$ cat input.csv   # CSV, C-alpha atoms
chain,number,residue,atom,x,y,z
A,1475,MET,CA,-133.8,-33.8,58.1
A,1476,ASP,CA,-136.3,-31.3,59.2
A,1477,ASN,CA,-133.8,-28.4,58.8
A,1478,LEU,CA,-133.7,-28.9,55.1
A,1479,GLY,CA,-135.9,-26.0,54.4
A,1480,SER,CA,-133.1,-23.6,55.2
A,1481,ILE,CA,-131.2,-24.7,52.2
A,1482,GLY,CA,-134.1,-24.5,49.8
A,1483,THR,CA,-135.9,-27.8,49.8
A,1484,THR,CA,-138.7,-27.7,47.3
A,1485,GLU,CA,-142.3,-28.8,47.7
A,1486,GLU,CA,-141.7,-31.4,45.0
A,1487,GLN,CA,-138.7,-32.8,47.0
A,1488,ILE,CA,-140.8,-33.1,50.1
A,1489,GLU,CA,-143.7,-34.8,48.4
A,1490,LEU,CA,-141.4,-37.2,46.5
A,1491,MET,CA,-139.6,-38.0,49.8
A,1492,GLU,CA,-142.8,-39.1,51.5
A,1493,VAL,CA,-143.8,-41.3,48.6
A,1494,ALA,CA,-140.3,-42.8,48.1
A,1495,THR,CA,-139.9,-43.5,51.8
A,1496,ASN,CA,-143.1,-45.6,51.9
A,1497,PHE,CA,-142.5,-47.3,48.6
A,1498,CYS,CA,-138.9,-48.3,49.1
A,1499,ARG,CA,-139.6,-49.5,52.7
A,1500,ASP,CA,-142.5,-51.6,51.6
A,1501,LYS,CA,-141.0,-53.0,48.4
A,1502,SER,CA,-137.5,-53.6,49.6
A,1503,PRO,CA,-137.5,-55.2,53.1
A,1504,MET,CA,-134.2,-56.8,54.1
A,1505,ASP,CA,-135.3,-60.3,53.5
A,1506,LYS,CA,-136.2,-59.5,49.9
A,1507,VAL,CA,-132.9,-57.7,49.5
A,1508,ARG,CA,-131.1,-60.9,50.5
A,1509,THR,CA,-133.3,-63.1,48.3
A,1510,LEU,CA,-132.4,-61.0,45.3
A,1511,ILE,CA,-128.7,-61.5,45.9
A,1512,ASP,CA,-129.1,-65.0,44.4
A,1513,ASP,CA,-131.4,-63.8,41.6
A,1514,GLU,CA,-129.7,-63.5,38.2
A,1515,LEU,CA,-131.6,-60.3,37.3
A,1516,GLY,CA,-130.9,-58.8,40.7
A,1517,TYR,CA,-134.1,-56.8,41.1
A,1518,ASP,CA,-137.9,-57.4,41.1
A,1519,PRO,CA,-139.2,-56.7,37.5
A,1520,GLN,CA,-142.6,-55.8,39.0
A,1521,VAL,CA,-141.1,-53.2,41.2
A,1522,TRP,CA,-139.2,-51.8,38.3
A,1523,LYS,CA,-142.4,-51.6,36.3
A,1524,GLU,CA,-144.0,-49.7,39.2
A,1525,ILE,CA,-141.1,-47.3,39.3
A,1526,GLY,CA,-141.7,-46.5,35.7
A,1527,GLU,CA,-145.4,-46.1,36.3
A,1528,LEU,CA,-144.7,-43.7,39.2
A,1529,GLY,CA,-142.9,-41.5,36.7
A,1530,TRP,CA,-139.7,-41.4,38.6
A,1531,LEU,CA,-137.5,-41.9,35.5
A,1532,ALA,CA,-139.2,-39.0,33.9
A,1533,ILE,CA,-138.5,-36.5,36.7
A,1534,ALA,CA,-135.4,-34.8,35.2
A,1535,ILE,CA,-136.4,-35.2,31.6
A,1536,PRO,CA,-137.9,-32.1,29.8
A,1537,GLU,CA,-141.6,-32.2,29.0
A,1538,THR,CA,-140.8,-31.9,25.3
A,1539,HIS,CA,-139.4,-35.5,25.5
A,1540,GLY,CA,-142.2,-37.0,27.6
A,1541,GLY,CA,-140.7,-36.0,31.0
A,1542,VAL,CA,-141.9,-34.1,34.0
A,1543,GLY,CA,-139.6,-31.2,33.4
A,1544,LEU,CA,-138.0,-31.0,36.9
A,1545,THR,CA,-134.3,-31.4,37.7
A,1546,MET,CA,-131.9,-33.8,39.3
A,1547,ALA,CA,-132.6,-32.0,42.6
A,1548,GLU,CA,-136.0,-33.7,42.7
A,1549,VAL,CA,-134.4,-37.1,42.0
A,1550,VAL,CA,-132.3,-36.9,45.2
A,1551,PRO,CA,-135.0,-37.9,47.7
A,1552,ILE,CA,-135.8,-41.0,45.6
A,1553,ALA,CA,-132.2,-42.1,45.3
A,1554,GLU,CA,-131.7,-41.4,49.0
A,1555,GLN,CA,-134.5,-43.8,50.0
A,1556,MET,CA,-133.4,-46.4,47.6
A,1557,GLY,CA,-130.0,-46.3,49.2
A,1558,ARG,CA,-131.6,-46.5,52.6
A,1559,ASN,CA,-133.4,-49.7,51.7
A,1560,LEU,CA,-130.7,-51.2,49.5
A,1561,MET,CA,-133.2,-51.1,46.6
A,1562,ASN,CA,-130.8,-51.7,43.7
A,1563,THR,CA,-132.4,-51.3,40.2
A,1564,PRO,CA,-131.4,-49.7,36.9
A,1565,PHE,CA,-132.9,-46.4,38.2
A,1566,GLY,CA,-129.6,-44.6,38.9
A,1567,SER,CA,-127.9,-45.7,35.7
A,1568,SER,CA,-131.0,-44.8,33.6
A,1569,THR,CA,-131.3,-41.4,35.1
A,1570,VAL,CA,-127.6,-40.6,34.6
A,1571,THR,CA,-127.9,-41.9,31.0
A,1572,ALA,CA,-130.8,-39.5,30.3
A,1573,GLN,CA,-128.6,-36.6,31.6
A,1574,ALA,CA,-125.8,-37.7,29.2
A,1575,LEU,CA,-128.3,-37.6,26.3
A,1576,LEU,CA,-129.4,-34.1,27.3
A,1577,ALA,CA,-125.8,-32.9,27.4
A,1578,GLY,CA,-124.4,-34.3,24.2
A,1579,ALA,CA,-126.9,-36.1,22.0
A,1580,THR,CA,-128.3,-34.8,18.8
A,1581,GLU,CA,-132.0,-33.7,18.7
A,1582,ALA,CA,-132.8,-36.9,16.8
A,1583,GLN,CA,-131.1,-39.1,19.4
A,1584,GLN,CA,-132.8,-37.3,22.2
A,1585,ALA,CA,-136.2,-37.6,20.5
A,1586,ALA,CA,-135.6,-41.3,20.0
A,1587,TRP,CA,-134.5,-42.3,23.5
A,1588,LEU,CA,-135.5,-39.8,26.1
A,1589,PRO,CA,-139.3,-40.6,25.8
A,1590,LYS,CA,-138.4,-44.3,26.2
A,1591,ILE,CA,-136.4,-43.7,29.3
A,1592,ALA,CA,-139.2,-41.5,30.7
A,1593,ALA,CA,-141.6,-44.3,30.1
A,1594,GLY,CA,-139.5,-46.9,32.0
A,1595,CYS,CA,-136.9,-48.1,29.6
A,1596,ALA,CA,-133.6,-49.1,31.3
A,1597,ALA,CA,-130.4,-47.6,30.1
A,1598,THR,CA,-126.8,-47.5,31.2
A,1599,LEU,CA,-123.3,-46.0,30.6
A,1600,ALA,CA,-120.2,-47.9,29.7
A,1601,LEU,CA,-117.3,-45.7,30.9
A,1602,SER,CA,-114.8,-47.8,32.9
A,1603,GLU,CA,-111.9,-49.7,31.5
A,1604,ASP,CA,-109.2,-51.9,33.0
A,1605,ASN,CA,-107.0,-48.9,33.5
A,1606,GLY,CA,-109.2,-48.1,36.6
A,1607,ASP,CA,-108.9,-44.4,35.9
A,1608,TRP,CA,-111.7,-42.1,37.1
A,1609,ASP,CA,-110.7,-39.6,34.5
A,1610,LEU,CA,-113.5,-40.4,31.9
A,1611,SER,CA,-111.4,-39.0,29.1
A,1612,ASN,CA,-108.7,-41.7,29.6
A,1613,ILE,CA,-110.1,-44.1,27.0
A,1614,GLN,CA,-108.6,-47.1,25.2
A,1615,CYS,CA,-111.8,-48.3,23.4
A,1616,SER,CA,-111.9,-46.9,19.9
A,1617,GLY,CA,-114.0,-46.6,16.8
A,1618,LYS,CA,-112.7,-46.8,13.2
A,1619,TRP,CA,-114.5,-45.3,10.2
A,1620,GLU,CA,-115.4,-47.7,7.4
A,1621,ALA,CA,-117.4,-45.8,4.8
A,1622,ASP,CA,-120.4,-44.4,6.8
A,1623,LYS,CA,-120.1,-46.9,9.6
A,1624,VAL,CA,-117.9,-47.1,12.7
A,1625,THR,CA,-116.4,-50.3,13.9
A,1626,LEU,CA,-115.7,-50.4,17.6
A,1627,SER,CA,-113.0,-52.2,19.5
A,1628,GLY,CA,-112.1,-52.7,23.2
A,1629,LYS,CA,-113.8,-53.7,26.3
A,1630,LYS,CA,-115.7,-51.8,29.0
A,1631,GLN,CA,-116.0,-52.9,32.6
A,1632,LEU,CA,-118.3,-52.1,35.5
A,1633,VAL,CA,-121.2,-51.5,33.2
A,1634,ARG,CA,-124.2,-51.6,35.6
A,1635,TRP,CA,-127.3,-53.5,34.6
A,1636,ALA,CA,-126.1,-53.9,31.1
A,1637,ASP,CA,-128.1,-57.1,30.6
A,1638,SER,CA,-131.3,-55.2,31.5
A,1639,ALA,CA,-130.6,-52.0,29.5
A,1640,GLU,CA,-132.2,-51.4,26.1
A,1641,LEU,CA,-129.6,-48.7,25.5
A,1642,ILE,CA,-125.9,-48.6,26.4
A,1643,ILE,CA,-123.9,-45.4,25.8
A,1644,ALA,CA,-120.2,-46.2,25.6
A,1645,SER,CA,-117.3,-43.7,25.6
A,1646,ILE,CA,-114.8,-44.3,22.8
A,1647,LYS,CA,-112.1,-42.5,20.8
A,1648,VAL,CA,-112.7,-41.8,17.2
A,1649,ASP,CA,-109.8,-40.2,15.3
A,1650,ALA,CA,-108.2,-39.3,18.7
A,1651,ASP,CA,-111.4,-37.5,19.8
A,1652,VAL,CA,-113.4,-38.5,22.8
A,1653,CYS,CA,-116.9,-39.5,21.7
A,1654,PHE,CA,-120.0,-41.3,22.9
A,1655,ALA,CA,-121.7,-44.1,21.0
A,1656,LEU,CA,-125.3,-45.3,21.3
A,1657,ILE,CA,-125.5,-49.1,21.3
A,1658,GLU,CA,-128.8,-50.9,21.3
A,1659,ARG,CA,-128.6,-53.9,23.6
A,1660,SER,CA,-130.5,-55.9,21.0
A,1661,THR,CA,-127.6,-55.6,18.5
A,1662,LEU,CA,-125.1,-57.2,20.9
A,1663,ASN,CA,-124.6,-61.0,21.1
A,1664,ASP,CA,-125.1,-62.5,24.5
A,1665,SER,CA,-121.5,-63.5,24.4
A,1666,ALA,CA,-120.6,-59.8,24.4
A,1667,LEU,CA,-121.7,-59.5,28.0
A,1668,ARG,CA,-119.9,-61.2,30.9
A,1669,ARG,CA,-121.3,-60.8,34.3
A,1670,GLU,CA,-118.6,-59.6,36.7
A,1671,VAL,CA,-118.1,-60.7,40.3
A,1672,ILE,CA,-118.3,-57.5,42.3
A,1673,ILE,CA,-118.1,-56.7,46.0
A,1674,ASP,CA,-121.7,-55.3,46.1
A,1675,GLU,CA,-123.8,-58.4,45.8
A,1676,THR,CA,-127.0,-56.3,45.6
A,1677,ALA,CA,-125.9,-54.8,42.2
A,1678,ARG,CA,-125.2,-56.3,38.8
A,1679,SER,CA,-122.2,-55.3,36.7
A,1680,TYR,CA,-121.0,-56.5,33.4
A,1681,GLU,CA,-118.0,-56.4,31.1
A,1682,VAL,CA,-119.1,-55.4,27.6
A,1683,ASP,CA,-117.0,-56.6,24.7
A,1684,LEU,CA,-117.2,-53.9,21.9
A,1685,ASN,CA,-114.9,-55.7,19.5
A,1686,GLY,CA,-116.5,-56.0,16.1
A,1687,VAL,CA,-119.6,-54.0,17.0
A,1688,ILE,CA,-120.7,-51.8,14.1
A,1689,ILE,CA,-122.7,-48.7,14.5
A,1690,SER,CA,-124.0,-46.1,12.1
A,1691,ALA,CA,-122.7,-42.5,12.0
A,1692,ASP,CA,-125.9,-41.2,13.4
A,1693,ALA,CA,-125.3,-43.3,16.6
A,1694,LEU,CA,-122.5,-41.0,17.6
A,1695,PHE,CA,-122.9,-38.0,19.9
A,1696,ASP,CA,-121.9,-34.5,18.8
A,1697,VAL,CA,-118.1,-34.6,19.3
A,1698,SER,CA,-117.9,-30.9,20.0
A,1699,ARG,CA,-120.0,-31.5,23.2
A,1700,SER,CA,-118.0,-34.4,24.6
A,1701,ARG,CA,-116.4,-32.3,27.4
A,1702,GLU,CA,-119.9,-31.0,28.4
A,1703,THR,CA,-121.2,-34.6,28.4
A,1704,ILE,CA,-118.4,-35.8,30.6
A,1705,GLU,CA,-119.0,-33.0,33.1
A,1706,LYS,CA,-122.8,-33.7,33.2
A,1707,ILE,CA,-122.2,-37.4,33.7
A,1708,GLU,CA,-119.8,-36.8,36.6
A,1709,LEU,CA,-122.2,-34.4,38.3
A,1710,ALA,CA,-125.3,-36.5,37.8
A,1711,ALA,CA,-123.6,-39.7,38.9
A,1712,GLY,CA,-122.0,-37.9,41.9
A,1713,LEU,CA,-125.3,-36.6,43.1
A,1714,ILE,CA,-127.1,-39.9,42.7
A,1715,HIS,CA,-124.3,-41.8,44.5
A,1716,ALA,CA,-124.2,-39.2,47.3
A,1717,ALA,CA,-127.9,-39.6,47.8
A,1718,GLU,CA,-127.7,-43.4,47.8
A,1719,MET,CA,-124.8,-43.4,50.3
A,1720,THR,CA,-126.4,-40.9,52.5
A,1721,GLY,CA,-129.5,-43.0,52.7
A,1722,GLY,CA,-127.4,-46.0,53.4
A,1723,ALA,CA,-125.6,-44.3,56.2
A,1724,GLN,CA,-128.9,-43.5,57.9
A,1725,ALA,CA,-130.0,-47.2,57.6
A,1726,VAL,CA,-126.8,-48.6,59.0
A,1727,ILE,CA,-126.9,-46.1,61.9
A,1728,ASP,CA,-130.5,-47.2,62.7
A,1729,TYR,CA,-129.4,-50.8,62.5
A,1730,THR,CA,-126.5,-50.2,64.9
A,1731,LEU,CA,-128.6,-48.3,67.4
A,1732,GLU,CA,-131.1,-51.1,67.5
A,1733,TYR,CA,-128.4,-53.5,68.4
A,1734,LEU,CA,-126.8,-51.2,71.0
A,1735,LYS,CA,-130.2,-50.8,72.7
A,1736,THR,CA,-130.9,-54.5,73.0
A,1737,ARG,CA,-127.5,-56.4,73.3
A,1738,LYS,CA,-126.4,-57.0,76.9
A,1739,GLN,CA,-122.9,-57.5,78.2
A,1740,PHE,CA,-122.0,-57.8,81.9
A,1741,ASP,CA,-125.8,-57.5,82.6
A,1742,LYS,CA,-125.8,-54.0,81.0
A,1743,ILE,CA,-127.1,-52.7,77.7
A,1744,ILE,CA,-123.9,-52.2,75.7
A,1745,GLY,CA,-125.2,-48.9,74.4
A,1746,SER,CA,-124.6,-47.5,77.9
A,1747,PHE,CA,-120.9,-47.9,77.5
A,1748,GLN,CA,-119.0,-44.7,76.6
A,1749,ALA,CA,-116.7,-46.6,74.3
A,1750,LEU,CA,-119.7,-47.2,72.1
A,1751,LYS,CA,-121.8,-44.1,72.7
A,1752,HIS,CA,-119.1,-41.6,71.7
A,1753,PRO,CA,-118.2,-43.1,68.3
A,1754,THR,CA,-121.9,-43.6,67.6
A,1755,VAL,CA,-122.5,-39.9,68.2
A,1756,ASP,CA,-119.5,-39.2,65.9
A,1757,ILE,CA,-120.9,-41.2,63.0
A,1758,TYR,CA,-124.3,-39.6,63.4
A,1759,VAL,CA,-122.7,-36.1,63.2
A,1760,GLU,CA,-120.9,-37.2,60.0
A,1761,TYR,CA,-124.2,-38.5,58.6
A,1762,GLU,CA,-125.9,-35.1,59.3
A,1763,LYS,CA,-123.0,-33.4,57.5
A,1764,ALA,CA,-123.5,-35.7,54.5
A,1765,ARG,CA,-127.2,-35.0,54.4
A,1766,THR,CA,-126.7,-31.3,54.6
A,1767,HIS,CA,-124.1,-31.4,51.8
A,1768,LEU,CA,-126.5,-33.6,49.8
A,1769,TYR,CA,-129.4,-31.2,49.8
A,1770,SER,CA,-127.1,-28.2,49.4
A,1771,ALA,CA,-125.8,-29.9,46.2
A,1772,ALA,CA,-129.4,-30.6,45.1
A,1773,HIS,CA,-130.2,-26.9,45.7
A,1774,SER,CA,-127.2,-25.8,43.7
A,1775,TRP,CA,-127.7,-28.2,40.8
A,1776,GLY,CA,-127.2,-26.4,37.5
A,1777,GLU,CA,-125.3,-23.5,38.9
A,1778,GLN,CA,-122.1,-22.9,37.0
A,1779,GLY,CA,-119.0,-23.7,39.2
A,1780,ARG,CA,-120.9,-23.7,42.5
A,1781,GLY,CA,-122.9,-26.8,41.4
A,1782,GLU,CA,-119.8,-28.9,40.8
A,1783,VAL,CA,-118.2,-27.8,44.1
A,1784,ALA,CA,-121.4,-28.7,46.0
A,1785,VAL,CA,-121.8,-32.1,44.3
A,1786,ARG,CA,-118.1,-33.1,44.9
A,1787,MET,CA,-118.4,-32.0,48.6
A,1788,ALA,CA,-121.5,-34.1,48.9
A,1789,ALA,CA,-120.0,-37.1,47.2
A,1790,ALA,CA,-116.9,-37.0,49.4
A,1791,GLN,CA,-118.8,-36.6,52.7
A,1792,ALA,CA,-121.3,-39.3,51.8
A,1793,HIS,CA,-118.7,-41.8,50.9
A,1794,SER,CA,-116.7,-41.1,54.1
A,1795,SER,CA,-119.8,-41.2,56.3
A,1796,TYR,CA,-121.3,-44.3,54.8
A,1797,SER,CA,-118.0,-46.2,55.0
A,1798,ARG,CA,-117.3,-45.2,58.6
A,1799,ALA,CA,-120.9,-45.9,59.8
A,1800,ALA,CA,-120.7,-49.4,58.2
A,1801,ASP,CA,-117.2,-50.1,59.6
A,1802,ARG,CA,-118.3,-49.1,63.1
A,1803,SER,CA,-121.5,-51.2,62.9
A,1804,ILE,CA,-119.5,-54.3,61.9
A,1805,GLN,CA,-117.1,-53.7,64.8
A,1806,PHE,CA,-119.8,-53.1,67.3
A,1807,HIS,CA,-121.6,-56.3,66.3
A,1808,GLY,CA,-118.5,-58.3,67.4
A,1809,GLY,CA,-118.0,-61.7,65.9
A,1810,PHE,CA,-121.4,-61.6,64.2
A,1811,GLY,CA,-120.5,-58.4,62.5
A,1812,PHE,CA,-117.9,-60.3,60.4
A,1813,THR,CA,-120.4,-62.8,59.1
A,1814,HIS,CA,-122.5,-62.5,55.9
A,1815,ASP,CA,-125.7,-62.5,58.0
A,1816,CYS,CA,-124.9,-59.0,59.4
A,1817,ASP,CA,-126.7,-56.4,57.4
A,1818,ALA,CA,-123.9,-53.9,57.9
A,1819,GLN,CA,-121.8,-56.1,55.6
A,1820,LEU,CA,-124.1,-55.4,52.7
A,1821,HIS,CA,-123.8,-51.6,53.3
A,1822,ARG,CA,-120.0,-51.7,53.6
A,1823,ARG,CA,-119.8,-53.6,50.3
A,1824,LYS,CA,-122.1,-51.1,48.6
A,1825,ALA,CA,-120.0,-48.2,50.0
A,1826,ILE,CA,-116.9,-49.7,48.4
A,1827,PHE,CA,-118.5,-50.3,45.1
A,1828,ASP,CA,-120.1,-46.9,44.9
A,1829,GLY,CA,-116.7,-45.3,45.6
A,1830,ALA,CA,-115.1,-47.5,42.8
A,1831,LEU,CA,-117.5,-46.3,40.2
A,1832,MET,CA,-117.0,-42.5,40.0
A,1833,GLY,CA,-114.3,-41.8,42.6
A,1834,ASP,CA,-114.0,-42.3,46.3
A,1835,ALA,CA,-113.8,-39.6,49.0
A,1836,ALA,CA,-110.1,-39.0,48.5
A,1837,TYR,CA,-110.5,-38.6,44.8
A,1838,GLN,CA,-113.5,-36.2,45.2
A,1839,ARG,CA,-111.5,-34.1,47.6
A,1840,SER,CA,-108.6,-33.9,45.2
A,1841,LYS,CA,-110.9,-32.6,42.6
A,1842,LEU,CA,-112.3,-30.1,45.1
A,1843,ALA,CA,-108.8,-28.9,45.9
A,1844,SER,CA,-108.2,-28.0,42.2
A,1845,LEU,CA,-111.6,-26.3,42.0
A,1846,LEU,CA,-111.2,-24.2,45.2
A,1847,PHE,CA,-107.5,-23.3,45.2
A,1848,ASP,CA,-106.2,-23.3,41.6
$ encode --input "input.csv" --output "structure tokens"
Amino acid sequence: MDNLGSIGTTEEQIELMEVATNFCRDKSPMDKVRTLIDDELGYDPQVWKEIGELGWLAIAIPETHGGVGLTMAEVVPIAEQMGRNLMNTPFGSSTVTAQALLAGATEAQQAAWLPKIAAGCAATLALSEDNGDWDLSNIQCSGKWEADKVTLSGKKQLVRWADSAELIIASIKVDADVCFALIERSTLNDSALRREVIIDETARSYEVDLNGVIISADALFDVSRSRETIEKIELAAGLIHAAEMTGGAQAVIDYTLEYLKTRKQFDKIIGSFQALKHPTVDIYVEYEKARTHLYSAAHSWGEQGRGEVAVRMAAAQAHSSYSRAADRSIQFHGGFGFTHDCDAQLHRRKAIFDGALMGDAAYQRSKLASLLFD
């Protein structure tokens, strides 16, 4: 962590890291994380309000729209500490939604929604469908023109925090063109949302039924900027997920080390056994790689070409590191590790879900191969 200055860590990142470390640790202890698993909302609304008051949602939004005017690089330390403490809120989805608005929305749409998100409004993206394809242009949901209105059809899945969001941006096809539609949550019937059962119990995900939803023409993004919008969504989501998973890897390693230093077997602390020491060192090395890639990606954010390579490298390494660290922790905890009471279980589940949203390590590496060698 302390070598980050060599890859260009900003003063803002360091300051935000200090604040986020304390805030997330204090507001998201493990007993509270487990209590929220059984809560319908899935997060503490007071904590969400405080996140808005801290201005964290405004960080990567321009000052002209009520934001702070920094970049996604300064969001990374916050997302990292949220992942470290399993603090699941609409923060990530709202931040990525703001980036989508900046990439493809009209000036009027940006003026209407970016100040709201900056002030604490929750928002989300509806991108996934039952085809399970991580190619965001592979879309079955559609829109049909009827006079000056567009009638939508189809269903979206894995829409995070849809019930809490004031704005849902859905990818659709209109006249065979990929497009994005702004849908106000207040215009949807409650029956249009069905909570999904997902492996990550600390998150909330919904299927959103778009059939019969009618939007006005001015609720559509600029079609000519759809490719740019998809690229920005992929990079912003990749960076956020890499940060969360890197923080999670640190937490699960700490959790494992605590166990290895206290559990005895054959009258010896089990952490003294080479069969446990060596793989523990290995997962720590993998974590350090992930963190280096993460802050390298943050440093390269916005650079043409290099930025995408850095983000995909960070996402791939973070997913591998997080998954492996949680796997080893479950194994090292023996029989207890395979019970729901083991905290490593929650981290392993989150690693699986995060990989399912925007592409696991293998997918990110396949995209990297085409970037580096084509």
$ atom_distance --input "input.csv" --atom1 "atom CA of Gly1833 of chain A" --atom2 "atom CA of Val1671 of chain A"
19.4 Å
$ residues_near_point --input "input.csv" --point "(-132.6, -53.1, 25.7)" --cutoff "8 Å" --atoms "all atoms listed in the file" --output "ChimeraX atom specification"
/A:1595-1597,1637-1641,1658-1660
$ residues_around --input "input.csv" --residues "Thr1495 of chain A" --least-positions-apart "4" --cutoff "7 Å" --atoms "all atoms listed in the file" --output "number ranges by chain"
A: 1491, 1499, 1555
$ closest_atom_pairs --input "input.csv" --of "segment 1568-1608 of chain A" --to "segment 1692-1706 of chain A" --cutoff "6 Å" --atoms "only C-alpha atoms" --output "tab-separated table"
residue	atom	partner	partner_atom	distance
A:Ala1574	CA	A:Thr1703	CA	5.6
A:Ala1577	CA	A:Thr1703	CA	5.0
A:Gly1578	CA	A:Thr1703	CA	5.3
A:Ala1579	CA	A:Phe1695	CA	4.9
$ closest_residue --input "input.csv" --among "A:Gly1594, A:Leu1576, A:Ala1547, A:Ile1552" --to "Val1785 of chain A" --atoms "only C-alpha atoms"
A:Ala1547
$ residues_around --input "input.csv" --residues "Leu1626 of chain A" --least-positions-apart "5" --cutoff "7 Å" --atoms "all atoms listed in the file" --output "ChimeraX atom specification"
/A:1616-1618,1684-1688
$ atom_distance --input "input.csv" --atom1 "atom CA of Leu1731 of chain A" --atom2 "atom CA of Ala1764 of chain A"
18.7 Å
$ residues_around --input "input.csv" --residues "Ser1794 of chain A" --least-positions-apart "6" --cutoff "10 Å" --atoms "only C-alpha atoms" --output "compact mmCIF listing (two decimals) with C-alpha atoms, in the coordinates of the input"
# COMPACT_ATOMS: atom_id res chain seq x y z
CA MET A 1719 -124.80 -43.40 50.30
CA THR A 1720 -126.40 -40.90 52.50
CA ALA A 1723 -125.60 -44.30 56.20
CA ILE A 1757 -120.90 -41.20 63.00
CA GLU A 1760 -120.90 -37.20 60.00
CA TYR A 1761 -124.20 -38.50 58.60
CA ALA A 1764 -123.50 -35.70 54.50
CA ALA A 1788 -121.50 -34.10 48.90
CA ALA A 1825 -120.00 -48.20 50.00
CA GLY A 1829 -116.70 -45.30 45.60
CA ASP A 1834 -114.00 -42.30 46.30
CA ALA A 1835 -113.80 -39.60 49.00
CA ALA A 1836 -110.10 -39.00 48.50
$ residues_around --input "input.csv" --residues "Ile1591 of chain A" --least-positions-apart "4" --cutoff "12 Å" --atoms "only C-alpha atoms" --output "MDAnalysis selection string"
chainID A and resid 1525:1527 1529:1536 1539:1541 1564:1573 1575 1584:1587 1595:1598 1639:1642
$ residues_around --input "input.csv" --residues "Arg1822 of chain A" --least-positions-apart "3" --cutoff "12 Å" --atoms "only C-alpha atoms" --output "VMD selection string"
chain A and resid 1560 1673 to 1676 1719 1722 to 1723 1725 to 1726 1793 to 1805 1811 to 1812 1814 1816 to 1819 1825 to 1829
$ write_last_selection --input "input.csv" --atoms "C-alpha atoms" --output "PDB file, in the coordinates of the input"
ATOM      1  CA  LEU A1560    -130.700 -51.200  49.500  1.00  0.00           C
ATOM      2  CA  ILE A1673    -118.100 -56.700  46.000  1.00  0.00           C
ATOM      3  CA  ASP A1674    -121.700 -55.300  46.100  1.00  0.00           C
ATOM      4  CA  GLU A1675    -123.800 -58.400  45.800  1.00  0.00           C
ATOM      5  CA  THR A1676    -127.000 -56.300  45.600  1.00  0.00           C
ATOM      6  CA  MET A1719    -124.800 -43.400  50.300  1.00  0.00           C
ATOM      7  CA  GLY A1722    -127.400 -46.000  53.400  1.00  0.00           C
ATOM      8  CA  ALA A1723    -125.600 -44.300  56.200  1.00  0.00           C
ATOM      9  CA  ALA A1725    -130.000 -47.200  57.600  1.00  0.00           C
ATOM     10  CA  VAL A1726    -126.800 -48.600  59.000  1.00  0.00           C
ATOM     11  CA  HIS A1793    -118.700 -41.800  50.900  1.00  0.00           C
ATOM     12  CA  SER A1794    -116.700 -41.100  54.100  1.00  0.00           C
ATOM     13  CA  SER A1795    -119.800 -41.200  56.300  1.00  0.00           C
ATOM     14  CA  TYR A1796    -121.300 -44.300  54.800  1.00  0.00           C
ATOM     15  CA  SER A1797    -118.000 -46.200  55.000  1.00  0.00           C
ATOM     16  CA  ARG A1798    -117.300 -45.200  58.600  1.00  0.00           C
ATOM     17  CA  ALA A1799    -120.900 -45.900  59.800  1.00  0.00           C
ATOM     18  CA  ALA A1800    -120.700 -49.400  58.200  1.00  0.00           C
ATOM     19  CA  ASP A1801    -117.200 -50.100  59.600  1.00  0.00           C
ATOM     20  CA  ARG A1802    -118.300 -49.100  63.100  1.00  0.00           C
ATOM     21  CA  SER A1803    -121.500 -51.200  62.900  1.00  0.00           C
ATOM     22  CA  ILE A1804    -119.500 -54.300  61.900  1.00  0.00           C
ATOM     23  CA  GLN A1805    -117.100 -53.700  64.800  1.00  0.00           C
ATOM     24  CA  GLY A1811    -120.500 -58.400  62.500  1.00  0.00           C
ATOM     25  CA  PHE A1812    -117.900 -60.300  60.400  1.00  0.00           C
ATOM     26  CA  HIS A1814    -122.500 -62.500  55.900  1.00  0.00           C
ATOM     27  CA  CYS A1816    -124.900 -59.000  59.400  1.00  0.00           C
ATOM     28  CA  ASP A1817    -126.700 -56.400  57.400  1.00  0.00           C
ATOM     29  CA  ALA A1818    -123.900 -53.900  57.900  1.00  0.00           C
ATOM     30  CA  GLN A1819    -121.800 -56.100  55.600  1.00  0.00           C
ATOM     31  CA  ALA A1825    -120.000 -48.200  50.000  1.00  0.00           C
ATOM     32  CA  ILE A1826    -116.900 -49.700  48.400  1.00  0.00           C
ATOM     33  CA  PHE A1827    -118.500 -50.300  45.100  1.00  0.00           C
ATOM     34  CA  ASP A1828    -120.100 -46.900  44.900  1.00  0.00           C
ATOM     35  CA  GLY A1829    -116.700 -45.300  45.600  1.00  0.00           C
TER      36      GLY A1829
END
$ atom_distance --input "input.csv" --atom1 "atom CA of Leu1846 of chain A" --atom2 "atom CA of Asp1756 of chain A"
26.9 Å
$ closest_residue --input "input.csv" --among "A:Gly1516, A:Ser1774, A:Tyr1837, A:Thr1736" --to "Arg1669 of chain A" --atoms "all atoms listed in the file"
A:Gly1516
$ closest_residue --input "input.csv" --among "A:Ala1772, A:Asp1651, A:Glu1603, A:Glu1708" --to "Tyr1680 of chain A" --atoms "all atoms listed in the file"
A:Glu1603
$ residues_near_point --input "input.csv" --point "(-146.2, -49.8, 42.3)" --cutoff "12 Å" --atoms "only C-alpha atoms" --output "PyMOL selection string"
chain A and resi 1493-1494+1496-1498+1500-1502+1518-1530
